[in-house]
Structures are given as C-alpha cells and as structure tokens.
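Next up, data_28.pdb (PDB, C-alpha atoms):
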ATOM      1  CA  MET E   5     195.143  10.737 -97.034  1.00  0.00           C
ATOM      2  CA  LYS E   6     198.452  11.106 -98.822  1.00  0.00           C
ATOM      3  CA  GLU E   7     201.213  10.366 -96.357  1.00  0.00           C
ATOM      4  CA  ASP E   8     203.395  13.189 -97.664  1.00  0.00           C
ATOM      5  CA  GLU E   9     200.775  15.585 -96.329  1.00  0.00           C
ATOM      6  CA  LEU E  10     201.869  14.443 -92.873  1.00  0.00           C
ATOM      7  CA  ILE E  11     205.587  14.782 -93.615  1.00  0.00           C
ATOM      8  CA  TYR E  12     205.795  11.141 -92.595  1.00  0.00           C
ATOM      9  CA  GLN E  13     205.807   7.873 -94.529  1.00  0.00           C
ATOM     10  CA  PHE E  14     204.215   4.949 -92.711  1.00  0.00           C
ATOM     11  CA  THR E  15     205.844   1.547 -92.904  1.00  0.00           C
ATOM     12  CA  ASP E  16     202.575   0.045 -91.678  1.00  0.00           C
ATOM     13  CA  ALA E  17     199.798   1.988 -93.408  1.00  0.00           C
ATOM     14  CA  SER E  18     197.160   0.185 -91.347  1.00  0.00           C
ATOM     15  CA  LEU E  19     198.219   2.259 -88.343  1.00  0.00           C
ATOM     16  CA  MET E  20     197.174   5.444 -90.114  1.00  0.00           C
ATOM     17  CA  THR E  21     193.829   3.854 -90.998  1.00  0.00           C
ATOM     18  CA  THR E  22     193.276   2.910 -87.361  1.00  0.00           C
ATOM     19  CA  ALA E  23     194.165   6.449 -86.284  1.00  0.00           C
ATOM     20  CA  MET E  24     191.371   7.755 -88.507  1.00  0.00           C
ATOM     21  CA  THR E  25     188.786   5.181 -87.372  1.00  0.00           C
ATOM     22  CA  HIS E  26     186.239   6.553 -84.918  1.00  0.00           C
ATOM     23  CA  SER E  27     184.560   4.123 -82.525  1.00  0.00           C
ATOM     24  CA  SER E  28     181.207   4.727 -84.228  1.00  0.00           C
ATOM     25  CA  TYR E  29     182.568   3.371 -87.527  1.00  0.00           C
ATOM     26  CA  ALA E  30     184.227   0.353 -85.880  1.00  0.00           C
ATOM     27  CA  ASN E  31     180.965  -0.456 -84.058  1.00  0.00           C
ATOM     28  CA  GLU E  32     178.945  -0.309 -87.280  1.00  0.00           C
ATOM     29  CA  HIS E  33     181.447  -2.503 -89.146  1.00  0.00           C
ATOM     30  CA  ARG E  34     182.150  -5.243 -86.636  1.00  0.00           C
ATOM     31  CA  ASP E  35     182.375  -7.739 -89.497  1.00  0.00           C
ATOM     32  CA  LEU E  36     185.579  -6.004 -90.644  1.00  0.00           C
ATOM     33  CA  HIS E  37     187.155  -6.481 -87.203  1.00  0.00           C
ATOM     34  CA  MET E  38     188.506  -2.923 -87.293  1.00  0.00           C
ATOM     35  CA  GLN E  39     190.077  -1.294 -84.275  1.00  0.00           C
ATOM     36  CA  ASN E  40     189.031   2.225 -83.333  1.00  0.00           C
ATOM     37  CA  ASN E  41     191.516   4.981 -82.562  1.00  0.00           C
ATOM     38  CA  GLU E  42     190.922   5.283 -78.814  1.00  0.00           C
ATOM     39  CA  ARG E  43     194.004   3.320 -77.727  1.00  0.00           C
ATOM     40  CA  LEU E  44     196.185   5.282 -80.153  1.00  0.00           C
ATOM     41  CA  GLU E  45     194.664   8.491 -78.816  1.00  0.00           C
ATOM     42  CA  PHE E  46     195.651   7.485 -75.272  1.00  0.00           C
ATOM     43  CA  LEU E  47     199.216   6.836 -76.403  1.00  0.00           C
ATOM     44  CA  GLY E  48     199.458   9.980 -78.531  1.00  0.00           C
ATOM     45  CA  ASP E  49     198.195  12.182 -75.714  1.00  0.00           C
ATOM     46  CA  SER E  50     201.097  11.081 -73.503  1.00  0.00           C
ATOM     47  CA  ILE E  51     203.671  11.555 -76.263  1.00  0.00           C
ATOM     48  CA  LEU E  52     202.343  15.013 -77.120  1.00  0.00           C
ATOM     49  CA  GLY E  53     202.525  15.950 -73.443  1.00  0.00           C
ATOM     50  CA  LEU E  54     206.146  14.792 -73.215  1.00  0.00           C
ATOM     51  CA  VAL E  55     207.323  16.529 -76.394  1.00  0.00           C
ATOM     52  CA  SER E  56     205.522  19.788 -75.617  1.00  0.00           C
ATOM     53  CA  ALA E  57     206.857  19.801 -72.034  1.00  0.00           C
ATOM     54  CA  ASP E  58     210.399  19.237 -73.301  1.00  0.00           C
ATOM     55  CA  TYR E  59     210.022  22.016 -75.867  1.00  0.00           C
ATOM     56  CA  VAL E  60     208.707  24.716 -73.514  1.00  0.00           C
ATOM     57  CA  PHE E  61     211.183  23.669 -70.774  1.00  0.00           C
ATOM     58  CA  HIS E  62     214.137  24.383 -73.056  1.00  0.00           C
ATOM     59  CA  ARG E  63     212.597  27.374 -74.834  1.00  0.00           C
ATOM     60  CA  TYR E  64     211.917  29.220 -71.551  1.00  0.00           C
ATOM     61  CA  PRO E  65     214.835  28.397 -69.200  1.00  0.00           C
ATOM     62  CA  ASN E  66     213.958  31.081 -66.634  1.00  0.00           C
ATOM     63  CA  VAL E  67     210.250  30.366 -66.289  1.00  0.00           C
ATOM     64  CA  PRO E  68     208.744  28.636 -63.222  1.00  0.00           C
ATOM     65  CA  GLU E  69     206.756  25.404 -63.383  1.00  0.00           C
ATOM     66  CA  GLY E  70     203.359  27.069 -63.000  1.00  0.00           C
ATOM     67  CA  GLN E  71     203.746  29.199 -66.117  1.00  0.00           C
ATOM     68  CA  LEU E  72     205.289  26.355 -68.122  1.00  0.00           C
ATOM     69  CA  THR E  73     202.176  24.343 -67.287  1.00  0.00           C
ATOM     70  CA  LYS E  74     199.987  27.168 -68.599  1.00  0.00           C
ATOM     71  CA  VAL E  75     201.711  27.419 -71.959  1.00  0.00           C
ATOM     72  CA  ARG E  76     201.765  23.651 -72.425  1.00  0.00           C
ATOM     73  CA  ALA E  77     198.055  23.499 -71.608  1.00  0.00           C
ATOM     74  CA  ALA E  78     197.379  26.224 -74.172  1.00  0.00           C
ATOM     75  CA  VAL E  79     199.029  24.275 -76.989  1.00  0.00           C
ATOM     76  CA  VAL E  80     197.703  20.785 -76.245  1.00  0.00           C
ATOM     77  CA  CYS E  81     194.104  21.821 -75.584  1.00  0.00           C
ATOM     78  CA  GLU E  82     191.164  20.694 -77.697  1.00  0.00           C
ATOM     79  CA  LYS E  83     190.910  24.018 -79.533  1.00  0.00           C
ATOM     80  CA  THR E  84     194.537  23.948 -80.682  1.00  0.00           C
ATOM     81  CA  LEU E  85     194.448  20.288 -81.710  1.00  0.00           C
ATOM     82  CA  TYR E  86     191.213  20.931 -83.600  1.00  0.00           C
ATOM     83  CA  GLU E  87     193.018  23.661 -85.547  1.00  0.00           C
ATOM     84  CA  VAL E  88     195.888  21.272 -86.301  1.00  0.00           C
ATOM     85  CA  ALA E  89     193.439  18.633 -87.537  1.00  0.00           C
ATOM     86  CA  LYS E  90     191.801  21.159 -89.863  1.00  0.00           C
ATOM     87  CA  GLU E  91     195.172  22.337 -91.154  1.00  0.00           C
ATOM     88  CA  LEU E  92     196.098  18.736 -91.942  1.00  0.00           C
ATOM     89  CA  GLY E  93     192.727  18.033 -93.510  1.00  0.00           C
ATOM     90  CA  LEU E  94     191.988  15.165 -91.139  1.00  0.00           C
ATOM     91  CA  ASP E  95     188.286  15.993 -91.239  1.00  0.00           C
ATOM     92  CA  HIS E  96     188.193  14.671 -94.813  1.00  0.00           C
ATOM     93  CA  HIS E  97     189.774  11.346 -93.868  1.00  0.00           C
ATOM     94  CA  LEU E  98     187.950  10.307 -90.715  1.00  0.00           C
ATOM     95  CA  LEU E  99     186.004   7.060 -90.799  1.00  0.00           C
ATOM     96  CA  LEU E 100     182.727   7.760 -88.990  1.00  0.00           C
ATOM     97  CA  GLY E 101     179.602   5.748 -88.368  1.00  0.00           C
ATOM     98  CA  HIS E 102     176.433   6.817 -90.150  1.00  0.00           C
ATOM     99  CA  GLY E 103     174.849   8.346 -87.057  1.00  0.00           C
ATOM    100  CA  GLU E 104     177.979  10.303 -86.143  1.00  0.00           C
ATOM    101  CA  GLU E 105     178.338  11.467 -89.742  1.00  0.00           C
ATOM    102  CA  MET E 106     174.754  12.719 -89.858  1.00  0.00           C
ATOM    103  CA  GLY E 107     175.194  14.417 -86.505  1.00  0.00           C
ATOM    104  CA  GLY E 108     178.060  16.575 -87.733  1.00  0.00           C
ATOM    105  CA  GLY E 109     180.819  14.506 -86.191  1.00  0.00           C
ATOM    106  CA  ARG E 110     183.223  15.299 -89.018  1.00  0.00           C
ATOM    107  CA  GLN E 111     183.440  18.873 -87.725  1.00  0.00           C
ATOM    108  CA  ARG E 112     183.165  18.094 -84.023  1.00  0.00           C
ATOM    109  CA  PRO E 113     186.187  19.629 -82.230  1.00  0.00           C
ATOM    110  CA  SER E 114     186.568  16.762 -79.764  1.00  0.00           C
ATOM    111  CA  ILE E 115     186.655  14.122 -82.519  1.00  0.00           C
ATOM    112  CA  LEU E 116     189.152  16.063 -84.615  1.00  0.00           C
ATOM    113  CA  ALA E 117     191.377  16.812 -81.626  1.00  0.00           C
ATOM    114  CA  ASP E 118     191.345  13.128 -80.693  1.00  0.00           C
ATOM    115  CA  SER E 119     192.328  12.193 -84.240  1.00  0.00           C
ATOM    116  CA  VAL E 120     195.521  14.278 -83.965  1.00  0.00           C
ATOM    117  CA  GLU E 121     196.510  12.472 -80.781  1.00  0.00           C
ATOM    118  CA  ALA E 122     195.703   9.117 -82.378  1.00  0.00           C
ATOM    119  CA  LEU E 123     197.839  10.009 -85.372  1.00  0.00           C
ATOM    120  CA  ILE E 124     200.749  10.884 -83.082  1.00  0.00           C
ATOM    121  CA  GLY E 125     200.329   7.518 -81.380  1.00  0.00           C
ATOM    122  CA  ALA E 126     200.331   5.755 -84.757  1.00  0.00           C
ATOM    123  CA  ILE E 127     203.498   7.516 -85.887  1.00  0.00           C
ATOM    124  CA  TYR E 128     205.169   6.605 -82.591  1.00  0.00           C
ATOM    125  CA  LEU E 129     204.337   2.914 -83.026  1.00  0.00           C
ATOM    126  CA  ASP E 130     205.469   2.972 -86.635  1.00  0.00           C
ATOM    127  CA  GLY E 131     208.655   5.014 -86.376  1.00  0.00           C
ATOM    128  CA  GLY E 132     209.491   5.594 -82.720  1.00  0.00           C
ATOM    129  CA  LEU E 133     209.709   8.659 -80.491  1.00  0.00           C
ATOM    130  CA  GLU E 134     211.894  10.762 -82.783  1.00  0.00           C
ATOM    131  CA  ALA E 135     209.484  10.272 -85.686  1.00  0.00           C
ATOM    132  CA  ALA E 136     206.598  11.359 -83.469  1.00  0.00           C
ATOM    133  CA  ARG E 137     208.630  14.314 -82.189  1.00  0.00           C
ATOM    134  CA  SER E 138     209.472  15.432 -85.728  1.00  0.00           C
ATOM    135  CA  PHE E 139     205.794  15.355 -86.667  1.00  0.00           C
ATOM    136  CA  ILE E 140     204.737  17.293 -83.560  1.00  0.00           C
ATOM    137  CA  MET E 141     207.418  19.909 -84.202  1.00  0.00           C
ATOM    138  CA  THR E 142     205.836  20.717 -87.575  1.00  0.00           C
ATOM    139  CA  PHE E 143     203.099  22.580 -85.674  1.00  0.00           C
ATOM    140  CA  LEU E 144     204.155  22.976 -82.015  1.00  0.00           C
ATOM    141  CA  PRO E 145     206.495  26.026 -82.275  1.00  0.00           C
ATOM    142  CA  ALA E 146     203.901  28.050 -84.200  1.00  0.00           C
ATOM    143  CA  LYS E 147     201.184  27.185 -81.678  1.00  0.00           C
ATOM    144  CA  VAL E 148     203.460  28.218 -78.797  1.00  0.00           C
ATOM    145  CA  ASP E 149     204.089  31.530 -80.578  1.00  0.00           C
ATOM    146  CA  LEU E 150     200.337  32.094 -80.872  1.00  0.00           C
ATOM    147  CA  ALA E 151     199.790  31.244 -77.214  1.00  0.00           C
ATOM    148  CA  GLU E 152     202.486  33.722 -76.213  1.00  0.00           C
ATOM    149  CA  ALA E 153     201.125  36.438 -78.507  1.00  0.00           C
ATOM    150  CA  GLY E 154     197.685  35.883 -77.005  1.00  0.00           C
ATOM    151  CA  HIS E 155     199.139  36.376 -73.520  1.00  0.00           C
ATOM    152  CA  ALA E 156     198.353  32.818 -72.477  1.00  0.00           C
ATOM    153  CA  PHE E 157     201.949  32.982 -71.386  1.00  0.00           C
ATOM    154  CA  ARG E 158     204.864  35.376 -71.479  1.00  0.00           C
ATOM    155  CA  ASP E 159     208.456  35.218 -70.313  1.00  0.00           C
ATOM    156  CA  TYR E 160     208.532  38.586 -68.559  1.00  0.00           C
ATOM    157  CA  LYS E 161     212.167  38.265 -67.443  1.00  0.00           C
ATOM    158  CA  THR E 162     213.388  37.807 -70.994  1.00  0.00           C
ATOM    159  CA  ALA E 163     211.213  40.677 -72.239  1.00  0.00           C
ATOM    160  CA  LEU E 164     212.595  43.004 -69.557  1.00  0.00           C
ATOM    161  CA  GLN E 165     216.172  41.880 -70.204  1.00  0.00           C
ATOM    162  CA  GLU E 166     215.828  42.663 -73.905  1.00  0.00           C
ATOM    163  CA  ILE E 167     214.666  46.187 -73.115  1.00  0.00           C
ATOM    164  CA  VAL E 168     217.438  46.874 -70.594  1.00  0.00           C
ATOM    165  CA  GLN E 169     220.146  45.471 -72.875  1.00  0.00           C
ATOM    166  CA  LYS E 170     219.413  48.191 -75.423  1.00  0.00           C
ATOM    167  CA  ASN E 171     221.230  50.583 -73.096  1.00  0.00           C
ATOM    168  CA  ARG E 172     224.578  49.090 -72.115  1.00  0.00           C
ATOM    169  CA  GLN E 173     224.948  51.461 -69.193  1.00  0.00           C
ATOM    170  CA  GLU E 174     221.935  50.013 -67.395  1.00  0.00           C
ATOM    171  CA  THR E 175     222.156  46.964 -65.133  1.00  0.00           C
ATOM    172  CA  LEU E 176     219.422  44.596 -64.034  1.00  0.00           C
ATOM    173  CA  GLN E 177     219.370  42.466 -60.886  1.00  0.00           C
ATOM    174  CA  TYR E 178     216.867  40.390 -58.911  1.00  0.00           C
ATOM    175  CA  ARG E 179     217.024  40.220 -55.120  1.00  0.00           C
ATOM    176  CA  LEU E 180     215.048  38.026 -52.730  1.00  0.00           C
ATOM    177  CA  SER E 181     213.648  40.403 -50.123  1.00  0.00           C
ATOM    178  CA  GLY E 182     211.366  38.175 -48.080  1.00  0.00           C
ATOM    179  CA  GLU E 183     209.686  34.839 -47.406  1.00  0.00           C
ATOM    180  CA  SER E 184     206.397  34.116 -45.651  1.00  0.00           C
ATOM    181  CA  GLY E 185     204.000  31.264 -44.946  1.00  0.00           C
ATOM    182  CA  PRO E 186     204.429  27.626 -43.888  1.00  0.00           C
ATOM    183  CA  ASP E 187     206.778  25.274 -45.715  1.00  0.00           C
ATOM    184  CA  HIS E 188     203.963  23.721 -47.755  1.00  0.00           C
ATOM    185  CA  ASP E 189     202.598  27.102 -48.886  1.00  0.00           C
ATOM    186  CA  LYS E 190     205.469  29.580 -49.021  1.00  0.00           C
ATOM    187  CA  ARG E 191     205.387  32.992 -50.652  1.00  0.00           C
ATOM    188  CA  PHE E 192     208.564  34.636 -51.904  1.00  0.00           C
ATOM    189  CA  THR E 193     209.031  38.365 -52.506  1.00  0.00           C
ATOM    190  CA  VAL E 194     211.599  39.462 -55.080  1.00  0.00           C
ATOM    191  CA  GLN E 195     212.722  42.966 -55.973  1.00  0.00           C
ATOM    192  CA  VAL E 196     213.988  43.895 -59.412  1.00  0.00           C
ATOM    193  CA  LEU E 197     216.798  46.438 -59.259  1.00  0.00           C
ATOM    194  CA  LEU E 198     217.578  48.781 -62.136  1.00  0.00           C
ATOM    195  CA  ASN E 199     221.014  50.355 -61.799  1.00  0.00           C
ATOM    196  CA  SER E 200     221.100  49.092 -58.189  1.00  0.00           C
ATOM    197  CA  ASN E 201     217.847  50.932 -57.377  1.00  0.00           C
ATOM    198  CA  ILE E 202     214.655  49.089 -56.436  1.00  0.00           C
ATOM    199  CA  PHE E 203     212.328  49.475 -59.414  1.00  0.00           C
ATOM    200  CA  ALA E 204     209.576  46.901 -58.893  1.00  0.00           C
ATOM    201  CA  GLU E 205     208.537  43.949 -56.760  1.00  0.00           C
ATOM    202  CA  GLY E 206     206.828  40.622 -57.260  1.00  0.00           C
ATOM    203  CA  ILE E 207     205.415  37.776 -55.153  1.00  0.00           C
ATOM    204  CA  GLY E 208     205.222  34.095 -56.101  1.00  0.00           C
ATOM    205  CA  ARG E 209     205.065  30.529 -54.824  1.00  0.00           C
ATOM    206  CA  SER E 210     208.694  30.023 -55.881  1.00  0.00           C
ATOM    207  CA  LYS E 211     211.667  32.313 -56.317  1.00  0.00           C
ATOM    208  CA  LYS E 212     211.459  31.975 -60.096  1.00  0.00           C
ATOM    209  CA  GLU E 213     207.768  32.821 -60.141  1.00  0.00           C
ATOM    210  CA  ALA E 214     208.410  35.849 -57.918  1.00  0.00           C
ATOM    211  CA  GLU E 215     211.135  37.008 -60.313  1.00  0.00           C
ATOM    212  CA  GLN E 216     208.707  36.709 -63.228  1.00  0.00           C
ATOM    213  CA  MET E 217     206.097  38.722 -61.333  1.00  0.00           C
ATOM    214  CA  ALA E 218     208.675  41.379 -60.457  1.00  0.00           C
ATOM    215  CA  ALA E 219     209.697  41.632 -64.105  1.00  0.00           C
ATOM    216  CA  ARG E 220     206.015  41.886 -65.072  1.00  0.00           C
ATOM    217  CA  SER E 221     205.547  44.774 -62.628  1.00  0.00           C
ATOM    218  CA  ALA E 222     208.610  46.484 -64.072  1.00  0.00           C
ATOM    219  CA  LEU E 223     207.238  46.152 -67.616  1.00  0.00           C
ATOM    220  CA  GLU E 224     203.924  47.622 -66.497  1.00  0.00           C
ATOM    221  CA  LEU E 225     205.719  50.603 -64.946  1.00  0.00           C
ATOM    222  CA  MET E 226     207.579  51.076 -68.241  1.00  0.00           C
ATOM    223  CA  GLY E 227     204.306  51.004 -70.152  1.00  0.00           C
ATOM    224  CA  LYS E 228     205.316  47.858 -72.035  1.00  0.00           C
ATOM    225  CA  LEU E 229     202.225  45.831 -71.052  1.00  0.00           C
TER     226      LEU E 229
END

Structure encoded using structure tokens:
Amino acid sequence: MKEDELIYQFTDASLMTTAMTHSSYANEHRDLHMQNNERLEFLGDSILGLVSADYVFHRYPNVPEGQLTKVRAAVVCEKTLYEVAKELGLDHHLLLGHGEEMGGGRQRPSILADSVEALIGAIYLDGGLEAARSFIMTFLPAKVDLAEAGHAFRDYKTALQEIVQKNRQETLQYRLSGESGPDHDKRFTVQVLLNSNIFAEGIGRSKKEAEQMAARSALELMGKL
C-alpha cells in the first residue's frame, strides 16, 4: 500500500506491515517471525473509541450520555469499519494465510474491520495520538453524518431550535415538571414550552434525555419527523 493513500507517512514502515498481517499468515510463516495484527487491533480499538467519544461529545453539547453512546456505537461498529477498509483498499493489502484466503477472508467484514483498528494502533505507535486522531478524522465526521441521516441518532433539541429560530417572535423553553422512581432508577419529565405555552412533554433517565424526548415529541407534532 502506498502510504499517501492513508494520508500518513510511517517512520517505521514495519508497523504498517504488521497492521496488515492476519494471524493466519503469521501462523503459516513462523520462520519469518512475523507478528500478527491482533495487539495493534486491541490498541487501535481503544484509540478509536476515545477519538470518536471526544468528537461526538463536542459536536452534540446538549445530548445525554445514552444517545451519545448510540451514535458512537454506530460509527465504530464492524459494518462501518468494514466500509472504511474498503474505501482505503485495505482488502488488497492484507496478508492472509492460504486457508483464510481460499475461504474468502479478504472480503470478510470482521477481518477488514479489525485491520482498520490495527492500522490506527500502528499510526499511534509511529506518530502519537494526534497522528492517529488526524487519520481517524479523515472518515469519522462523514460516518457520523450518515448515522444521523439514518436516524441512528438525532439531536432533537438542536433541530427544534433551528425551526423556532426562523421566527424571531417565538420563544422556546424547557421546564422540569416532575421526578419519579428511586434514586438508582429515576425518571424525569420535562415540558417544552413554545411562547410560554406547554407544547409537548418528554420522559427520560436524566434531565437532558427528557429534554431530548420532549423536543422529539414537539417535532412529531409539527410533522417534522
């Protein structure tokens, strides 16, 4: 693989080779004393989780933890990482054992997804966290956009705010109207007020989640969902 395809230049090119080496190839070529990519995959998985969590946390400042978890899960799942691997052409550069090759391993989603994580781990070891972050950001924002468009996640408060702001005379407020349940399993009820009038209501495990659910109800009443 040409390193410029990755928008990253390795100082230690052997790290990229290791990232592309499946365990089946390393096992069949023990005489070469090659490492497989499983340790790099472990490292890359953690780095991808950190960078994606940081990105969605700052992109959606009004969204509760539960929904942030959903959008992060949507963009670091096997399906998404498989798509990234195909876009990068990693399937053409994997080192696979004969049996895995014959069994269609070069197109196996799990193997390709793992190769992306291994590559992230390799870039981190070679250039540090910011290098790994820069690489991840070449595909992460677009994948978050797709997840949002596919309704894996949506920031309902922001969507409602954008609609209301089109008419400067209208005002939007959220008001906590009730709490229920024990401390370890509370439910919060929030009302969304349009021009000081109760327009919709939502319930959630946190105040922020309840606000999102209230905004969602308001959008449904407006015919925007």

Open item on the list: Once the PyMOL selection byres ((chain E and resi 15) around 8) is applied to the coordinates I shared, what remains selected? I want it as an MDAnalysis selection string.
Closed with: chainID E and resid 13:14 16:17 130:131

TODO: Check the smallest atom-to-atom distance from each of E:Ile11, E:Met226, E:Met38, E:Leu47 to Leu133 (chain E) using all atoms listed in the file, then report the winner.
DONE: E:Leu47

TODO: Tell me, as number ranges by chain, which residues lie within 12 Å of Val79 (chain E), counting all atoms listed in the file; anything in the same chain fewer than 4 positions away does not count.
DONE: E: 52-53, 55-57, 59-60, 72-75, 83-88, 117, 140-141, 143-152, 154, 156-157

Centre and edge lengths, as lines of an AutoDock Vina configuration file, for the axis-aligned box enclosing every listed atom of region 55-65 of chain E with 6 Å of padding on each of the six sides, in Å to one decimal?
center_x = 210.2
center_y = 22.9
center_z = -72.8
size_x = 21.3
size_y = 24.7
size_z = 19.2

TODO: Using only C-alpha atoms, find all polymer residues with an atom at most 9 Å away from the point (200.4, 12.5, -77.5); report them as a VMD selection string.
DONE: chain E and resid 44 to 55 80 120 to 125 136 140

TODO: Would you kindly return, as a list of chain:residue names, each protein, DNA or RNA residue with an atom no farther than 12 Å from any atom of region 30-33 of chain E, considering only C-alpha atoms and excluding same-chain residues fewer than 3 positions away?
DONE: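 Once the nearby chain positions are removed, what remains is E:Thr21, E:Thr22, E:Ala23, E:Met24, E:Thr25, E:His26, E:Ser27, E:Leu36, E:His37, E:Met38, E:Gln39, E:Asn40, E:Asn41, E:Glu42, E:Leu98, E:Leu99, E:Leu100, E:Gly101, E:His102, E:Gly103, E:Glu104.
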
Task: Distance in Å - CA of Asn199 (chain E) versus CA of Thr175 (chain E) - done: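 Spanning CA of Asn199 (chain E) to CA of Thr175 (chain E) is a straight-line distance of 4.9 Å.
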
- [ ] Mind checking which residues fall within 7 Å of Leu197 (chain E), counting all atoms listed in the file, ignoring those fewer than 2 positions away in the same chain, and posting them as a ChimeraX atom specification?
- [x] /E:176-178,195,199-203

Task: Given only C-alpha atoms as the counted atoms, nearest of E:Leu19, E:Glu183, E:Asp189, E:Asp118 to Gly206 (chain E) - done: E:Glu183

TODO: Rounded to one decimal place, report the CA of Leu229 (chain E)-CA of Ala78 (chain E) distance in Å.
DONE: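 So the answer is 20.4 Å.
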
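Across E:Pro113, E:Gly208, E:Gly132, E:Pro186, the tightest approach to Ala89 (chain E) is made by E:Pro113 when counting all atoms listed in the file.
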
Task: Using only C-alpha atoms: which of E:Ile127, E:Ala77, E:Val67, E:Met20 has the shortest distance to Ser210 (chain E) - done: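 The closest residue to Ser210 (chain E) is E:Val67.
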
Missing atoms in region 177-184 of chain E need filling: write out all heavy atoms for it as a short mmCIF file (atom, residue, chain, number, x, y, z; two decimals), keeping the file's coordinate frame.
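Written file, out-v9.cif:
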data_model
loop_
_atom_site.label_atom_id
_atom_site.label_comp_id
_atom_site.auth_asym_id
_atom_site.auth_seq_id
_atom_site.Cartn_x
_atom_site.Cartn_y
_atom_site.Cartn_z
N GLN E 177 219.13 43.50 -61.89
CA GLN E 177 219.37 42.47 -60.89
C GLN E 177 218.05 42.07 -60.22
O GLN E 177 217.09 42.87 -60.19
CB GLN E 177 220.31 42.98 -59.79
CG GLN E 177 221.72 43.28 -60.22
CD GLN E 177 222.50 43.90 -59.07
OE1 GLN E 177 222.36 45.09 -58.77
NE2 GLN E 177 223.33 43.09 -58.43
N TYR E 178 218.02 40.85 -59.69
CA TYR E 178 216.87 40.39 -58.91
C TYR E 178 217.35 40.04 -57.51
O TYR E 178 218.40 39.40 -57.35
CB TYR E 178 216.22 39.16 -59.57
CG TYR E 178 215.57 39.48 -60.89
CD1 TYR E 178 216.31 39.42 -62.07
CD2 TYR E 178 214.24 39.86 -60.96
CE1 TYR E 178 215.73 39.74 -63.29
CE2 TYR E 178 213.64 40.17 -62.17
CZ TYR E 178 214.39 40.10 -63.34
OH TYR E 178 213.81 40.42 -64.53
N ARG E 179 216.60 40.45 -56.50
CA ARG E 179 217.02 40.22 -55.12
C ARG E 179 215.85 39.70 -54.29
O ARG E 179 214.76 40.30 -54.29
CB ARG E 179 217.55 41.51 -54.52
CG ARG E 179 218.06 41.37 -53.08
CD ARG E 179 218.73 42.65 -52.63
NE ARG E 179 217.79 43.76 -52.50
CZ ARG E 179 218.15 45.04 -52.36
NH1 ARG E 179 219.43 45.37 -52.36
NH2 ARG E 179 217.23 45.99 -52.23
N LEU E 180 216.07 38.57 -53.63
CA LEU E 180 215.05 38.03 -52.73
C LEU E 180 214.97 38.92 -51.50
O LEU E 180 215.95 39.12 -50.80
CB LEU E 180 215.41 36.59 -52.32
CG LEU E 180 214.44 35.89 -51.37
CD1 LEU E 180 213.11 35.64 -52.04
CD2 LEU E 180 215.05 34.57 -50.87
N SER E 181 213.78 39.46 -51.24
CA SER E 181 213.65 40.40 -50.12
C SER E 181 212.81 39.86 -48.97
O SER E 181 212.75 40.48 -47.90
CB SER E 181 213.03 41.72 -50.62
OG SER E 181 211.73 41.49 -51.13
N GLY E 182 212.16 38.71 -49.18
CA GLY E 182 211.37 38.17 -48.08
C GLY E 182 210.72 36.84 -48.38
O GLY E 182 210.56 36.47 -49.55
N GLU E 183 210.41 36.11 -47.32
CA GLU E 183 209.69 34.84 -47.41
C GLU E 183 208.60 34.84 -46.34
O GLU E 183 208.78 35.41 -45.26
CB GLU E 183 210.61 33.64 -47.17
CG GLU E 183 211.73 33.48 -48.16
CD GLU E 183 212.59 32.26 -47.86
OE1 GLU E 183 212.09 31.32 -47.20
OE2 GLU E 183 213.77 32.25 -48.26
N SER E 184 207.47 34.19 -46.64
CA SER E 184 206.40 34.12 -45.65
C SER E 184 205.60 32.83 -45.86
O SER E 184 205.68 32.21 -46.92
CB SER E 184 205.47 35.33 -45.76
OG SER E 184 204.84 35.36 -47.04
#
